[in-house]
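Chemist: Below you'll find run_16.tsv; it's TSV, C-alpha atoms.
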chain	number	residue	atom	x	y	z
A	1	MET	CA	29.28	-57.12	-112.20
A	2	GLU	CA	26.29	-57.96	-114.34
A	3	GLY	CA	24.43	-55.03	-115.79
A	4	ALA	CA	27.11	-52.57	-114.73
A	5	ILE	CA	27.73	-49.54	-116.87
A	6	LYS	CA	30.93	-50.15	-118.73
A	7	ASP	CA	32.66	-46.87	-118.24
A	8	TRP	CA	35.18	-45.29	-115.87
A	9	ARG	CA	32.63	-44.79	-113.12
A	10	ASN	CA	32.52	-48.54	-112.87
A	11	ASP	CA	36.24	-48.47	-112.07
A	12	ILE	CA	35.51	-46.06	-109.20
A	13	TYR	CA	32.73	-48.34	-107.97
A	14	LYS	CA	35.17	-51.27	-107.95
A	15	VAL	CA	37.55	-49.27	-105.73
A	16	PHE	CA	34.67	-48.53	-103.34
A	17	LYS	CA	33.93	-52.24	-103.10
A	18	GLU	CA	37.57	-53.27	-102.72
A	19	LEU	CA	38.24	-50.74	-99.98
A	20	ASP	CA	34.93	-51.27	-98.18
A	21	ILE	CA	33.62	-47.75	-98.76
A	22	THR	CA	30.00	-48.16	-97.70
A	23	MET	CA	28.69	-44.60	-97.56
A	24	VAL	CA	28.56	-42.18	-100.46
A	25	SER	CA	27.24	-38.65	-100.06
A	26	HIS	CA	26.76	-36.15	-102.84
A	27	VAL	CA	25.29	-33.02	-104.24
A	28	PRO	CA	24.68	-34.50	-107.66
A	29	ASP	CA	26.56	-33.66	-110.81
A	30	ALA	CA	25.93	-35.19	-114.20
A	31	GLY	CA	29.53	-36.41	-114.25
A	32	HIS	CA	28.87	-38.55	-111.17
A	33	THR	CA	25.39	-39.79	-112.10
A	34	PRO	CA	26.38	-43.25	-113.40
A	35	LEU	CA	28.42	-43.83	-110.21
A	36	ILE	CA	25.56	-42.63	-107.98
A	37	ASN	CA	23.23	-45.03	-109.83
A	38	LEU	CA	25.62	-47.94	-109.27
A	39	CYS	CA	25.86	-47.12	-105.56
A	40	GLU	CA	22.10	-46.78	-105.18
A	41	LYS	CA	21.62	-50.27	-106.60
A	42	ASP	CA	24.04	-51.68	-104.03
A	43	ASN	CA	22.39	-52.64	-100.75
A	44	GLU	CA	25.72	-52.45	-98.95
A	45	ILE	CA	26.21	-48.77	-99.80
A	46	ASP	CA	24.20	-45.97	-98.18
A	47	VAL	CA	23.75	-43.03	-100.53
A	48	VAL	CA	23.07	-39.70	-98.82
A	49	THR	CA	21.87	-36.74	-100.87
A	50	LEU	CA	23.07	-33.53	-99.24
A	51	THR	CA	21.72	-30.00	-99.42
A	52	THR	CA	25.22	-28.54	-99.41
A	53	GLU	CA	28.56	-30.18	-100.00
A	54	GLN	CA	30.08	-29.12	-96.69
A	55	ASP	CA	27.68	-31.38	-94.82
A	56	GLY	CA	29.32	-34.32	-96.58
A	57	VAL	CA	32.55	-33.52	-94.73
A	58	GLY	CA	30.93	-33.78	-91.30
A	59	LEU	CA	28.88	-36.80	-92.34
A	60	SER	CA	31.97	-38.59	-93.59
A	61	CYS	CA	33.87	-37.84	-90.36
A	62	GLY	CA	31.02	-39.03	-88.16
A	63	ALA	CA	30.70	-42.22	-90.20
A	64	PHE	CA	34.44	-42.87	-89.87
A	65	ALA	CA	34.29	-42.33	-86.10
A	66	GLY	CA	31.57	-44.97	-86.11
A	67	GLY	CA	33.69	-47.36	-88.16
A	68	ARG	CA	32.51	-46.79	-91.73
A	69	LYS	CA	34.45	-45.49	-94.72
A	70	SER	CA	32.82	-43.05	-97.08
A	71	ALA	CA	33.36	-40.77	-100.06
A	72	LEU	CA	31.90	-37.37	-100.96
A	73	LEU	CA	31.02	-36.77	-104.61
A	74	MET	CA	30.66	-33.21	-105.83
A	75	GLN	CA	31.17	-30.79	-108.66
A	76	SER	CA	34.06	-28.32	-108.49
A	77	SER	CA	31.63	-25.53	-107.57
A	78	GLY	CA	30.91	-27.39	-104.34
A	79	VAL	CA	34.52	-27.39	-103.21
A	80	GLY	CA	34.29	-23.77	-102.15
A	81	ASN	CA	31.39	-24.61	-99.84
A	82	CYS	CA	33.59	-27.07	-97.94
A	83	ILE	CA	36.55	-24.93	-96.94
A	84	ASN	CA	35.94	-24.39	-93.21
A	85	ALA	CA	34.40	-27.85	-92.81
A	86	LEU	CA	37.70	-29.33	-94.02
A	87	ALA	CA	39.21	-28.21	-90.72
A	88	LEU	CA	37.36	-31.13	-89.09
A	89	PRO	CA	39.14	-34.06	-90.80
A	90	ASN	CA	42.36	-32.07	-90.74
A	91	ILE	CA	42.49	-31.39	-87.00
A	92	CYS	CA	41.08	-34.80	-86.06
A	93	ARG	CA	43.29	-36.69	-88.56
A	94	ILE	CA	40.22	-38.45	-89.89
A	95	PRO	CA	40.66	-39.88	-93.40
A	96	PHE	CA	38.53	-37.93	-95.87
A	97	LEU	CA	38.03	-38.77	-99.54
A	98	THR	CA	36.26	-36.66	-102.13
A	99	LEU	CA	35.84	-37.07	-105.87
A	100	VAL	CA	35.34	-33.83	-107.74
A	101	SER	CA	33.92	-33.57	-111.24
A	102	MET	CA	35.52	-30.54	-112.84
A	103	ARG	CA	33.78	-27.65	-114.53
A	104	GLY	CA	35.19	-24.42	-115.82
A	105	GLU	CA	38.09	-25.90	-117.70
A	106	TRP	CA	37.92	-28.00	-120.91
A	107	GLY	CA	35.54	-26.37	-123.40
A	108	GLU	CA	33.33	-24.86	-120.71
A	109	PHE	CA	30.22	-23.09	-121.96
A	110	VAL	CA	29.11	-21.34	-118.75
A	111	PRO	CA	31.38	-18.49	-117.63
A	112	TRP	CA	30.01	-18.67	-114.06
A	113	GLN	CA	31.71	-22.07	-113.68
A	114	VAL	CA	35.16	-20.71	-114.39
A	115	PRO	CA	36.08	-18.95	-111.11
A	116	MET	CA	35.52	-21.97	-108.88
A	117	GLY	CA	36.94	-24.30	-111.52
A	118	LEU	CA	40.18	-22.30	-111.47
A	119	GLY	CA	40.07	-22.08	-107.66
A	120	THR	CA	39.38	-25.73	-106.93
A	121	PRO	CA	42.92	-27.15	-106.72
A	122	LYS	CA	44.16	-24.01	-104.96
A	123	VAL	CA	41.58	-24.02	-102.17
A	124	LEU	CA	41.91	-27.75	-101.62
A	125	GLU	CA	45.67	-27.41	-101.30
A	126	ALA	CA	45.21	-24.39	-99.05
A	127	MET	CA	43.31	-26.67	-96.67
A	128	ASP	CA	46.02	-29.38	-96.76
A	129	VAL	CA	44.03	-31.70	-98.98
A	130	LYS	CA	46.26	-33.88	-101.17
A	131	VAL	CA	45.07	-33.32	-104.74
A	132	PHE	CA	45.12	-36.09	-107.32
A	133	ARG	CA	43.89	-35.64	-110.87
A	134	ALA	CA	42.65	-37.93	-113.63
A	135	ASP	CA	42.67	-36.54	-117.15
A	136	TYR	CA	42.07	-39.80	-119.01
A	137	LYS	CA	39.51	-42.54	-118.51
A	138	GLU	CA	42.18	-45.23	-118.35
A	139	GLU	CA	43.76	-43.69	-115.26
A	140	VAL	CA	40.60	-43.12	-113.22
A	141	GLY	CA	40.56	-46.46	-111.38
A	142	SER	CA	44.22	-46.36	-110.38
A	143	THR	CA	44.04	-42.69	-109.38
A	144	VAL	CA	40.97	-43.12	-107.18
A	145	ASP	CA	42.54	-46.24	-105.69
A	146	ALA	CA	45.75	-44.32	-104.93
A	147	ALA	CA	43.88	-41.35	-103.43
A	148	ALA	CA	41.68	-43.58	-101.28
A	149	ARG	CA	44.65	-45.54	-99.98
A	150	PHE	CA	46.51	-42.28	-99.31
A	151	ALA	CA	43.54	-40.99	-97.29
A	152	PHE	CA	42.76	-44.14	-95.32
A	153	ASN	CA	46.36	-45.26	-94.77
A	154	THR	CA	47.75	-41.90	-93.69
A	155	ASN	CA	44.65	-40.37	-92.04
A	156	ARG	CA	44.67	-37.38	-94.36
A	157	SER	CA	42.29	-35.69	-96.74
A	158	ALA	CA	42.51	-36.52	-100.44
A	159	ALA	CA	40.65	-35.30	-103.50
A	160	VAL	CA	40.56	-36.65	-107.03
A	161	LEU	CA	39.77	-34.06	-109.68
A	162	LEU	CA	38.02	-35.75	-112.60
A	163	SER	CA	38.78	-33.66	-115.67
A	164	GLN	CA	36.12	-32.02	-117.77
A	165	LYS	CA	37.98	-33.35	-120.79
A	166	MET	CA	37.00	-36.83	-119.69
A	167	ILE	CA	33.45	-35.99	-118.61
A	168	GLY	CA	32.71	-33.90	-121.67
A	169	ALA	CA	31.71	-30.26	-121.80
A	170	LYS	CA	27.99	-29.73	-122.25
A	171	GLN	CA	27.17	-27.15	-124.89
A	172	PHE	CA	23.94	-25.37	-123.96
A	173	LYS	CA	21.38	-24.28	-126.57
A	174	ASN	CA	18.98	-21.42	-126.05
A	175	GLY	CA	15.34	-22.32	-126.61
B	1	MET	CA	13.59	-20.67	-69.40
B	2	ILE	CA	15.98	-23.49	-68.68
B	3	GLU	CA	19.31	-22.96	-66.99
B	4	ARG	CA	21.36	-24.90	-69.49
B	5	ARG	CA	24.34	-26.21	-67.60
B	6	PRO	CA	22.55	-27.95	-64.71
B	7	PHE	CA	20.01	-29.25	-67.23
B	8	VAL	CA	22.72	-30.82	-69.42
B	9	GLN	CA	24.43	-32.23	-66.33
B	10	LYS	CA	21.16	-33.76	-65.14
B	11	ILE	CA	20.59	-35.45	-68.51
B	12	LEU	CA	24.11	-36.90	-68.37
B	13	LYS	CA	24.08	-37.89	-64.72
B	14	ASN	CA	22.72	-41.42	-64.94
B	15	ARG	CA	23.66	-42.03	-68.54
B	16	GLN	CA	23.29	-45.49	-69.96
B	17	SER	CA	26.22	-47.37	-71.47
B	18	ASN	CA	24.68	-47.33	-74.96
B	19	LEU	CA	24.78	-43.52	-75.14
B	20	ARG	CA	27.35	-41.56	-77.13
B	21	VAL	CA	27.24	-37.77	-76.89
B	22	VAL	CA	28.45	-35.19	-79.39
B	23	SER	CA	28.38	-31.42	-78.84
B	24	GLY	CA	28.49	-28.48	-81.20
B	25	LEU	CA	31.16	-25.83	-80.90
B	26	GLY	CA	31.26	-23.30	-78.10
B	27	THR	CA	29.02	-23.33	-75.07
B	28	SER	CA	27.51	-26.73	-75.89
B	29	THR	CA	30.95	-28.34	-75.61
B	30	TRP	CA	31.71	-26.55	-72.33
B	31	ASP	CA	28.29	-27.69	-71.05
B	32	LEU	CA	28.99	-31.28	-72.04
B	33	MET	CA	32.43	-31.28	-70.44
B	34	SER	CA	31.00	-29.76	-67.24
B	35	GLY	CA	29.24	-33.07	-66.67
B	36	GLY	CA	32.61	-34.73	-66.12
B	37	ASP	CA	35.21	-36.24	-68.41
B	38	ASP	CA	33.88	-39.23	-70.30
B	39	LYS	CA	35.48	-41.00	-73.25
B	40	ALA	CA	32.03	-41.52	-74.73
B	41	ASN	CA	31.77	-37.76	-75.43
B	42	PHE	CA	33.12	-35.87	-78.43
B	43	GLY	CA	32.98	-32.08	-78.43
B	44	PHE	CA	33.44	-29.79	-81.41
B	45	ILE	CA	35.59	-26.72	-80.81
B	46	GLY	CA	35.34	-25.44	-84.38
B	47	ALA	CA	33.97	-26.39	-87.82
B	48	MET	CA	30.73	-24.52	-87.14
B	49	GLY	CA	27.70	-26.14	-88.75
B	50	GLN	CA	29.24	-29.60	-88.94
B	51	ALA	CA	27.94	-31.13	-85.70
B	52	ILE	CA	24.57	-32.23	-87.13
B	53	PRO	CA	26.01	-33.97	-90.21
B	54	PHE	CA	28.72	-35.56	-88.00
B	55	ALA	CA	26.07	-36.90	-85.62
B	56	LEU	CA	24.08	-38.24	-88.58
B	57	GLY	CA	27.11	-40.10	-89.95
B	58	LEU	CA	27.86	-41.52	-86.51
B	59	ALA	CA	24.25	-42.61	-85.98
B	60	MET	CA	24.18	-44.32	-89.39
B	61	ALA	CA	27.43	-46.15	-88.61
B	62	GLN	CA	26.39	-47.21	-85.09
B	63	PRO	CA	22.72	-48.16	-85.31
B	64	ASP	CA	22.81	-50.13	-82.04
B	65	LEU	CA	23.86	-47.12	-79.96
B	66	ARG	CA	21.82	-44.07	-79.00
B	67	ILE	CA	23.40	-40.88	-80.30
B	68	LEU	CA	22.72	-37.56	-78.57
B	69	LEU	CA	23.85	-34.22	-79.97
B	70	PHE	CA	23.80	-31.10	-77.83
B	71	THR	CA	24.27	-28.03	-79.93
B	72	GLY	CA	23.33	-24.38	-80.04
B	73	ASP	CA	20.97	-22.30	-82.12
B	74	GLY	CA	23.89	-20.54	-83.83
B	75	ASP	CA	25.49	-23.81	-84.92
B	76	THR	CA	22.14	-25.19	-86.06
B	77	LEU	CA	21.23	-22.07	-88.03
B	78	MET	CA	24.49	-22.33	-89.98
B	79	SER	CA	23.43	-25.64	-91.47
B	80	LEU	CA	19.64	-25.68	-91.58
B	81	GLY	CA	19.79	-27.84	-94.68
B	82	SER	CA	21.38	-30.63	-92.64
B	83	ILE	CA	18.05	-30.99	-90.79
B	84	ALA	CA	16.42	-31.86	-94.11
B	85	THR	CA	19.19	-34.38	-94.76
B	86	VAL	CA	18.63	-36.00	-91.36
B	87	ALA	CA	14.88	-36.18	-92.03
B	88	ASN	CA	15.31	-37.77	-95.42
B	89	HIS	CA	17.94	-40.30	-94.39
B	90	PRO	CA	16.18	-41.22	-91.21
B	91	VAL	CA	18.09	-42.80	-88.39
B	92	THR	CA	16.05	-44.06	-85.48
B	93	ASN	CA	18.83	-43.62	-82.89
B	94	LEU	CA	19.58	-39.89	-83.16
B	95	THR	CA	18.36	-37.12	-80.86
B	96	ILE	CA	19.39	-33.53	-81.52
B	97	VAL	CA	18.92	-31.18	-78.57
B	98	VAL	CA	19.27	-27.55	-79.57
B	99	MET	CA	20.10	-25.45	-76.51
B	100	ASP	CA	18.39	-22.37	-77.91
B	101	ASN	CA	19.39	-19.23	-76.02
B	102	GLU	CA	18.48	-17.01	-78.97
B	103	SER	CA	21.89	-15.40	-79.00
B	104	TYR	CA	25.56	-15.69	-79.85
B	105	VAL	CA	26.51	-15.49	-76.18
B	106	GLU	CA	30.24	-16.15	-76.59
B	107	THR	CA	30.73	-13.19	-78.91
B	108	GLY	CA	28.76	-10.61	-76.96
B	109	SER	CA	25.17	-11.89	-77.02
B	110	GLN	CA	24.18	-10.68	-80.44
B	111	PRO	CA	20.66	-11.99	-81.18
B	112	THR	CA	20.27	-14.98	-83.51
B	113	ALA	CA	17.40	-15.55	-85.91
B	114	THR	CA	15.56	-17.49	-83.19
B	115	ALA	CA	15.36	-14.25	-81.18
B	116	GLY	CA	13.39	-12.98	-84.15
B	117	LYS	CA	10.89	-14.87	-86.25
B	118	THR	CA	12.60	-18.24	-86.66
B	119	ASP	CA	11.29	-21.31	-84.80
B	120	LEU	CA	13.57	-24.34	-85.01
B	121	GLU	CA	10.83	-26.78	-83.98
B	122	ILE	CA	8.79	-25.69	-86.98
B	123	VAL	CA	11.90	-25.79	-89.18
B	124	ALA	CA	12.48	-29.38	-88.05
B	125	LYS	CA	8.85	-30.37	-88.60
B	126	GLY	CA	8.77	-28.67	-91.97
B	127	SER	CA	11.99	-30.45	-92.89
B	128	GLY	CA	10.36	-33.78	-92.08
B	129	ILE	CA	11.42	-34.54	-88.51
B	130	SER	CA	8.01	-35.23	-87.05
B	131	ASN	CA	9.28	-35.95	-83.53
B	132	SER	CA	10.18	-32.37	-82.71
B	133	TYR	CA	9.05	-30.32	-79.73
B	134	THR	CA	10.05	-27.35	-77.60
B	135	ILE	CA	10.68	-27.38	-73.86
B	136	LYS	CA	10.99	-24.31	-71.71
B	137	ASN	CA	11.16	-25.82	-68.27
B	138	GLU	CA	13.38	-28.24	-66.34
B	139	LYS	CA	10.24	-30.21	-65.52
B	140	ASP	CA	10.39	-31.64	-69.04
B	141	TYR	CA	13.43	-33.69	-68.03
B	142	ASP	CA	11.52	-37.00	-68.08
B	143	ARG	CA	10.19	-36.34	-71.56
B	144	ILE	CA	13.63	-35.61	-72.99
B	145	ILE	CA	15.14	-38.72	-71.36
B	146	LYS	CA	12.43	-40.84	-72.94
B	147	THR	CA	13.17	-39.29	-76.33
B	148	ILE	CA	16.91	-39.90	-76.00
B	149	TYR	CA	16.70	-43.55	-74.97
B	150	GLU	CA	13.39	-44.92	-76.13
B	151	GLU	CA	11.64	-43.03	-78.87
B	152	GLU	CA	12.10	-43.72	-82.54
B	153	GLY	CA	14.19	-40.93	-84.01
B	154	PRO	CA	15.34	-38.86	-85.55
B	155	SER	CA	14.18	-36.35	-82.96
B	156	LEU	CA	14.90	-32.67	-82.54
B	157	VAL	CA	14.20	-31.00	-79.21
B	158	VAL	CA	14.44	-27.24	-78.87
B	159	ALA	CA	15.36	-26.41	-75.27
B	160	LYS	CA	14.74	-22.73	-74.70
B	161	CYS	CA	17.38	-21.60	-72.26
B	162	GLN	CA	18.75	-18.51	-70.58
B	163	ALA	CA	21.24	-16.42	-72.50
B	164	LYS	CA	23.81	-16.35	-69.77
B	165	ALA	CA	27.55	-16.72	-70.13
B	166	THR	CA	28.87	-19.69	-68.17
B	167	PRO	CA	32.43	-20.62	-67.21
B	168	LEU	CA	34.39	-22.45	-69.89
B	169	VAL	CA	35.03	-26.11	-69.08
B	170	PHE	CA	37.72	-27.50	-71.34
B	171	PRO	CA	37.77	-31.04	-72.72
B	172	HIS	CA	40.49	-33.58	-71.97
B	173	SER	CA	42.34	-32.38	-75.07
B	174	PHE	CA	42.03	-29.57	-77.59
B	175	ASP	CA	43.84	-31.81	-80.06
B	176	GLY	CA	41.16	-33.20	-82.35
B	177	SER	CA	43.07	-36.39	-83.11
B	178	VAL	CA	43.46	-37.19	-79.41
B	179	ALA	CA	39.79	-36.40	-78.78
B	180	ILE	CA	38.42	-38.45	-81.67
B	181	ASN	CA	40.65	-41.45	-80.99
B	182	ARG	CA	39.63	-41.43	-77.35
B	183	PHE	CA	35.99	-41.30	-78.40
B	184	MET	CA	36.47	-44.04	-81.01
B	185	SER	CA	38.05	-46.30	-78.39
B	186	THR	CA	34.57	-46.59	-76.84
B	187	LEU	CA	33.14	-47.85	-80.12
B	188	LYS	CA	35.47	-50.77	-80.74
B	189	SER	CA	34.16	-54.14	-79.64
Please re-express this file's structure in structure tokens.
Modeler:
Amino acid sequence: MEGAIKDWRNDIYKVFKELDITMVSHVPDAGHTPLINLCEKDNEIDVVTLTTEQDGVGLSCGAFAGGRKSALLMQSSGVGNCINALALPNICRIPFLTLVSMRGEWGEFVPWQVPMGLGTPKVLEAMDVKVFRADYKEEVGSTVDAAARFAFNTNRSAAVLLSQKMIGAKQFKNG
Amino acid sequence: MIERRPFVQKILKNRQSNLRVVSGLGTSTWDLMSGGDDKANFGFIGAMGQAIPFALGLAMAQPDLRILLFTGDGDTLMSLGSIATVANHPVTNLTIVVMDNESYVETGSQPTATAGKTDLEIVAKGSGISNSYTIKNEKDYDRIIKTIYEEEGPSLVVAKCQAKATPLVFPHSFDGSVAINRFMSTLKS
């Protein structure tokens, strides 16, 4: 694609196009920004900015009922907001895909990010979400592809945790 | 004050074939099912707060249908932010009817915020849903029918209704996968 950002988010975008994912909802995170920008430039993809991550679960399920595939993008801190909402795709066996940019792990600066960062895989698994993880840029495309196929082929929920090692830990400066 | 169950039944009575109806958990689902079993209905029985975002996703995916959501004040108050999301990703085919009885009737009629100072019509307008109004009387039936089938949405109607416990009317199945697949069968061409 001409003008595309040549990084691993482009590999995710390619999976969206291949698998006909036409709706992307998010509470933004810097780790997802290049992907959000790619989706916003694409007239075939609706981008929905949420006020809380849990609403992306219901939105995604309603879209699927109506015949459209979607993905929810969020930071690890948003995963906790989704727990009860995840009952909806679970009990209805609606495919649900989320991509989670991780905080609170690799070189984290902000201690407040650590609790939910540590809890993210545990709470997802507690809600029967199949958890995939990409630690290296080279494996992002294949991991997102595998997670998406798992979700849409088996009517289950799947998450891909995108490591902070790959995204890069922001070091804050006072003043 | 509106008596909710006959009012919901009246809205559903002569429904058009392009209507799909979703209901929020609890009394709204029992109300919807009291109008008779219909594959073009999908009722939540849990996942509180998710009915509005679900209806938005459905309306975005099915722009040629009219989507009607019946839900309660409790369910709506759990996800007030979703009203802002609806307003800012406008869909012209979505009507949200909040059956506002100002209480959590199913759990012992504890008052909700709308029994106090909160006005969901003003919340909707302030969130950016300009087509929002409150009805307090069954006589407003014609107005609500026009909103559901003809007006450009998104719309949010607050129907002030009696806080009275009504008999539970169960859906065809409590199994979500059965319910959603039955509903989806009405959407395939």
Chemist: Select from chain B every residue with an atom at most 9 Å from any atom of chain A, then for each give the shortest pair of atoms and their distance in Å to one decimal, using only C-alpha atoms, rows by chain and rising number, as a tab-separated table.
Modeler:
residue	atom	partner	partner_atom	distance
B:Phe44	CA	A:Leu88	CA	8.7
B:Gly46	CA	A:Leu88	CA	7.7
B:Ala47	CA	A:Ala85	CA	5.2
B:Met48	CA	A:Ala85	CA	7.5
B:Gly49	CA	A:Ala85	CA	8.0
B:Gln50	CA	A:Gly58	CA	5.1
B:Ala51	CA	A:Gly58	CA	6.9
B:Ile52	CA	A:Gly58	CA	7.8
B:Pro53	CA	A:Leu59	CA	4.6
B:Phe54	CA	A:Gly62	CA	4.2
B:Ala55	CA	A:Gly62	CA	6.0
B:Leu56	CA	A:Leu59	CA	6.3
B:Gly57	CA	A:Ala63	CA	4.2
B:Leu58	CA	A:Gly62	CA	4.3
B:Ala59	CA	A:Gly66	CA	7.7
B:Met60	CA	A:Ala63	CA	6.9
B:Ala61	CA	A:Gly66	CA	5.0
B:Gln62	CA	A:Gly66	CA	5.7
B:Ser79	CA	A:Asp55	CA	7.9
B:Gly81	CA	A:Thr51	CA	5.6
B:Ser82	CA	A:Asp55	CA	6.7
B:Ala84	CA	A:Thr51	CA	7.7
B:Thr85	CA	A:Leu50	CA	6.0
B:Asn88	CA	A:Thr49	CA	8.6
B:His89	CA	A:Val48	CA	6.8
B:Asp175	CA	A:Ile91	CA	7.1
B:Gly176	CA	A:Cys92	CA	4.0
B:Ser177	CA	A:Cys92	CA	3.9
B:Val178	CA	A:Cys92	CA	7.5
B:Ala179	CA	A:Cys92	CA	7.6
B:Ile180	CA	A:Cys92	CA	6.3
B:Asn181	CA	A:Ala65	CA	8.2
B:Phe183	CA	A:Ala65	CA	8.0
B:Met184	CA	A:Ala65	CA	5.8
B:Leu187	CA	A:Gly66	CA	6.8
B:Lys188	CA	A:Gly67	CA	8.4
Chemist: To one decimal in Å, tell me the separation between atom CA of Phe174 of chain B and atom CA of Leu19 of chain B.
Modeler: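 Distance between the two atoms: 22.3 Å.
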Chemist: For Ile167 of chain A, please output as a PyMOL selection string all residues within 10 Å (counting only C-alpha atoms; exclusion window: fewer than 6 positions along the same chain).
Modeler: chain A and resi 8+30-32+101-103+106+135-137
Chemist: Expressed in Å to a single decimal, how great is the separation between atom CA of Arg4 of chain B and atom CA of Ile83 of chain B?
Modeler: 22.4 Å
Chemist: Select all residues near (15.3, -23.2, -67.7) (cut-off 9 Å, inclusive, file coordinates), counting all atoms listed in the file, and output them as number ranges by chain.
Modeler: B: 1-4, 7, 135-139, 159-162
Chemist: The selected residues should be written to file as a short mmCIF file (atom, residue, chain, number, x, y, z; two decimals), keeping the file's coordinate frame (atoms: C-alpha atoms).
Modeler:
data_model
loop_
_atom_site.label_atom_id
_atom_site.label_comp_id
_atom_site.auth_asym_id
_atom_site.auth_seq_id
_atom_site.Cartn_x
_atom_site.Cartn_y
_atom_site.Cartn_z
CA MET B 1 13.59 -20.67 -69.40
CA ILE B 2 15.98 -23.49 -68.68
CA GLU B 3 19.31 -22.96 -66.99
CA ARG B 4 21.36 -24.90 -69.49
CA PHE B 7 20.01 -29.25 -67.23
CA ILE B 135 10.68 -27.38 -73.86
CA LYS B 136 10.99 -24.31 -71.71
CA ASN B 137 11.16 -25.82 -68.27
CA GLU B 138 13.38 -28.24 -66.34
CA LYS B 139 10.24 -30.21 -65.52
CA ALA B 159 15.36 -26.41 -75.27
CA LYS B 160 14.74 -22.73 -74.70
CA CYS B 161 17.38 -21.60 -72.26
CA GLN B 162 18.75 -18.51 -70.58
#
Chemist: Go through A:Ile36, A:Leu162, A:Val100, A:Val24 one by one, measure the shortest atom-to-atom distance of each to Asn10 of chain A using only C-alpha atoms, and give the residue with the smallest value.
Modeler: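 When distances to Asn10 of chain A are compared using only C-alpha atoms, the smallest one comes from A:Ile36.
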Chemist: How many Å lie between atom CA of Asn174 of chain A and atom CA of Thr33 of chain A, rounded to one decimal?
Modeler: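 Pair atom CA of Asn174 of chain A / atom CA of Thr33 of chain A returns 23.9 Å.
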Chemist: Can segment 75-89 of chain A be brought up to N, CA and C atoms and written out as a compact mmCIF listing (two decimals), keeping the file's coordinate frame?
Modeler:
# COMPACT_ATOMS: atom_id res chain seq x y z
N GLN A 75 30.64 -31.56 -107.55
CA GLN A 75 31.17 -30.79 -108.66
C GLN A 75 32.17 -29.77 -108.10
N SER A 76 33.04 -29.28 -108.96
CA SER A 76 34.06 -28.32 -108.49
C SER A 76 33.44 -27.11 -107.80
N SER A 77 32.26 -26.69 -108.22
CA SER A 77 31.63 -25.53 -107.57
C SER A 77 31.33 -25.79 -106.11
N GLY A 78 31.19 -27.06 -105.73
CA GLY A 78 30.91 -27.39 -104.34
C GLY A 78 32.12 -27.34 -103.43
N VAL A 79 33.29 -27.37 -104.02
CA VAL A 79 34.52 -27.39 -103.21
C VAL A 79 34.61 -26.14 -102.33
N GLY A 80 34.22 -25.02 -102.91
CA GLY A 80 34.29 -23.77 -102.15
C GLY A 80 33.41 -23.79 -100.91
N ASN A 81 32.29 -24.53 -101.00
CA ASN A 81 31.39 -24.61 -99.84
C ASN A 81 32.00 -25.37 -98.68
N CYS A 82 33.06 -26.13 -98.94
CA CYS A 82 33.59 -27.07 -97.94
C CYS A 82 34.76 -26.52 -97.13
N ILE A 83 35.23 -25.33 -97.44
CA ILE A 83 36.55 -24.93 -96.94
C ILE A 83 36.66 -25.02 -95.42
N ASN A 84 35.80 -24.35 -94.67
CA ASN A 84 35.94 -24.39 -93.21
C ASN A 84 35.65 -25.78 -92.65
N ALA A 85 34.71 -26.49 -93.27
CA ALA A 85 34.40 -27.85 -92.81
C ALA A 85 35.62 -28.76 -92.91
N LEU A 86 36.50 -28.49 -93.85
CA LEU A 86 37.70 -29.33 -94.02
C LEU A 86 38.65 -29.24 -92.83
N ALA A 87 38.43 -28.27 -91.96
CA ALA A 87 39.21 -28.21 -90.72
C ALA A 87 38.95 -29.44 -89.85
N LEU A 88 37.74 -30.00 -89.96
CA LEU A 88 37.36 -31.13 -89.09
C LEU A 88 38.21 -32.38 -89.36
N PRO A 89 38.25 -32.91 -90.58
CA PRO A 89 39.14 -34.06 -90.80
C PRO A 89 40.61 -33.72 -90.60
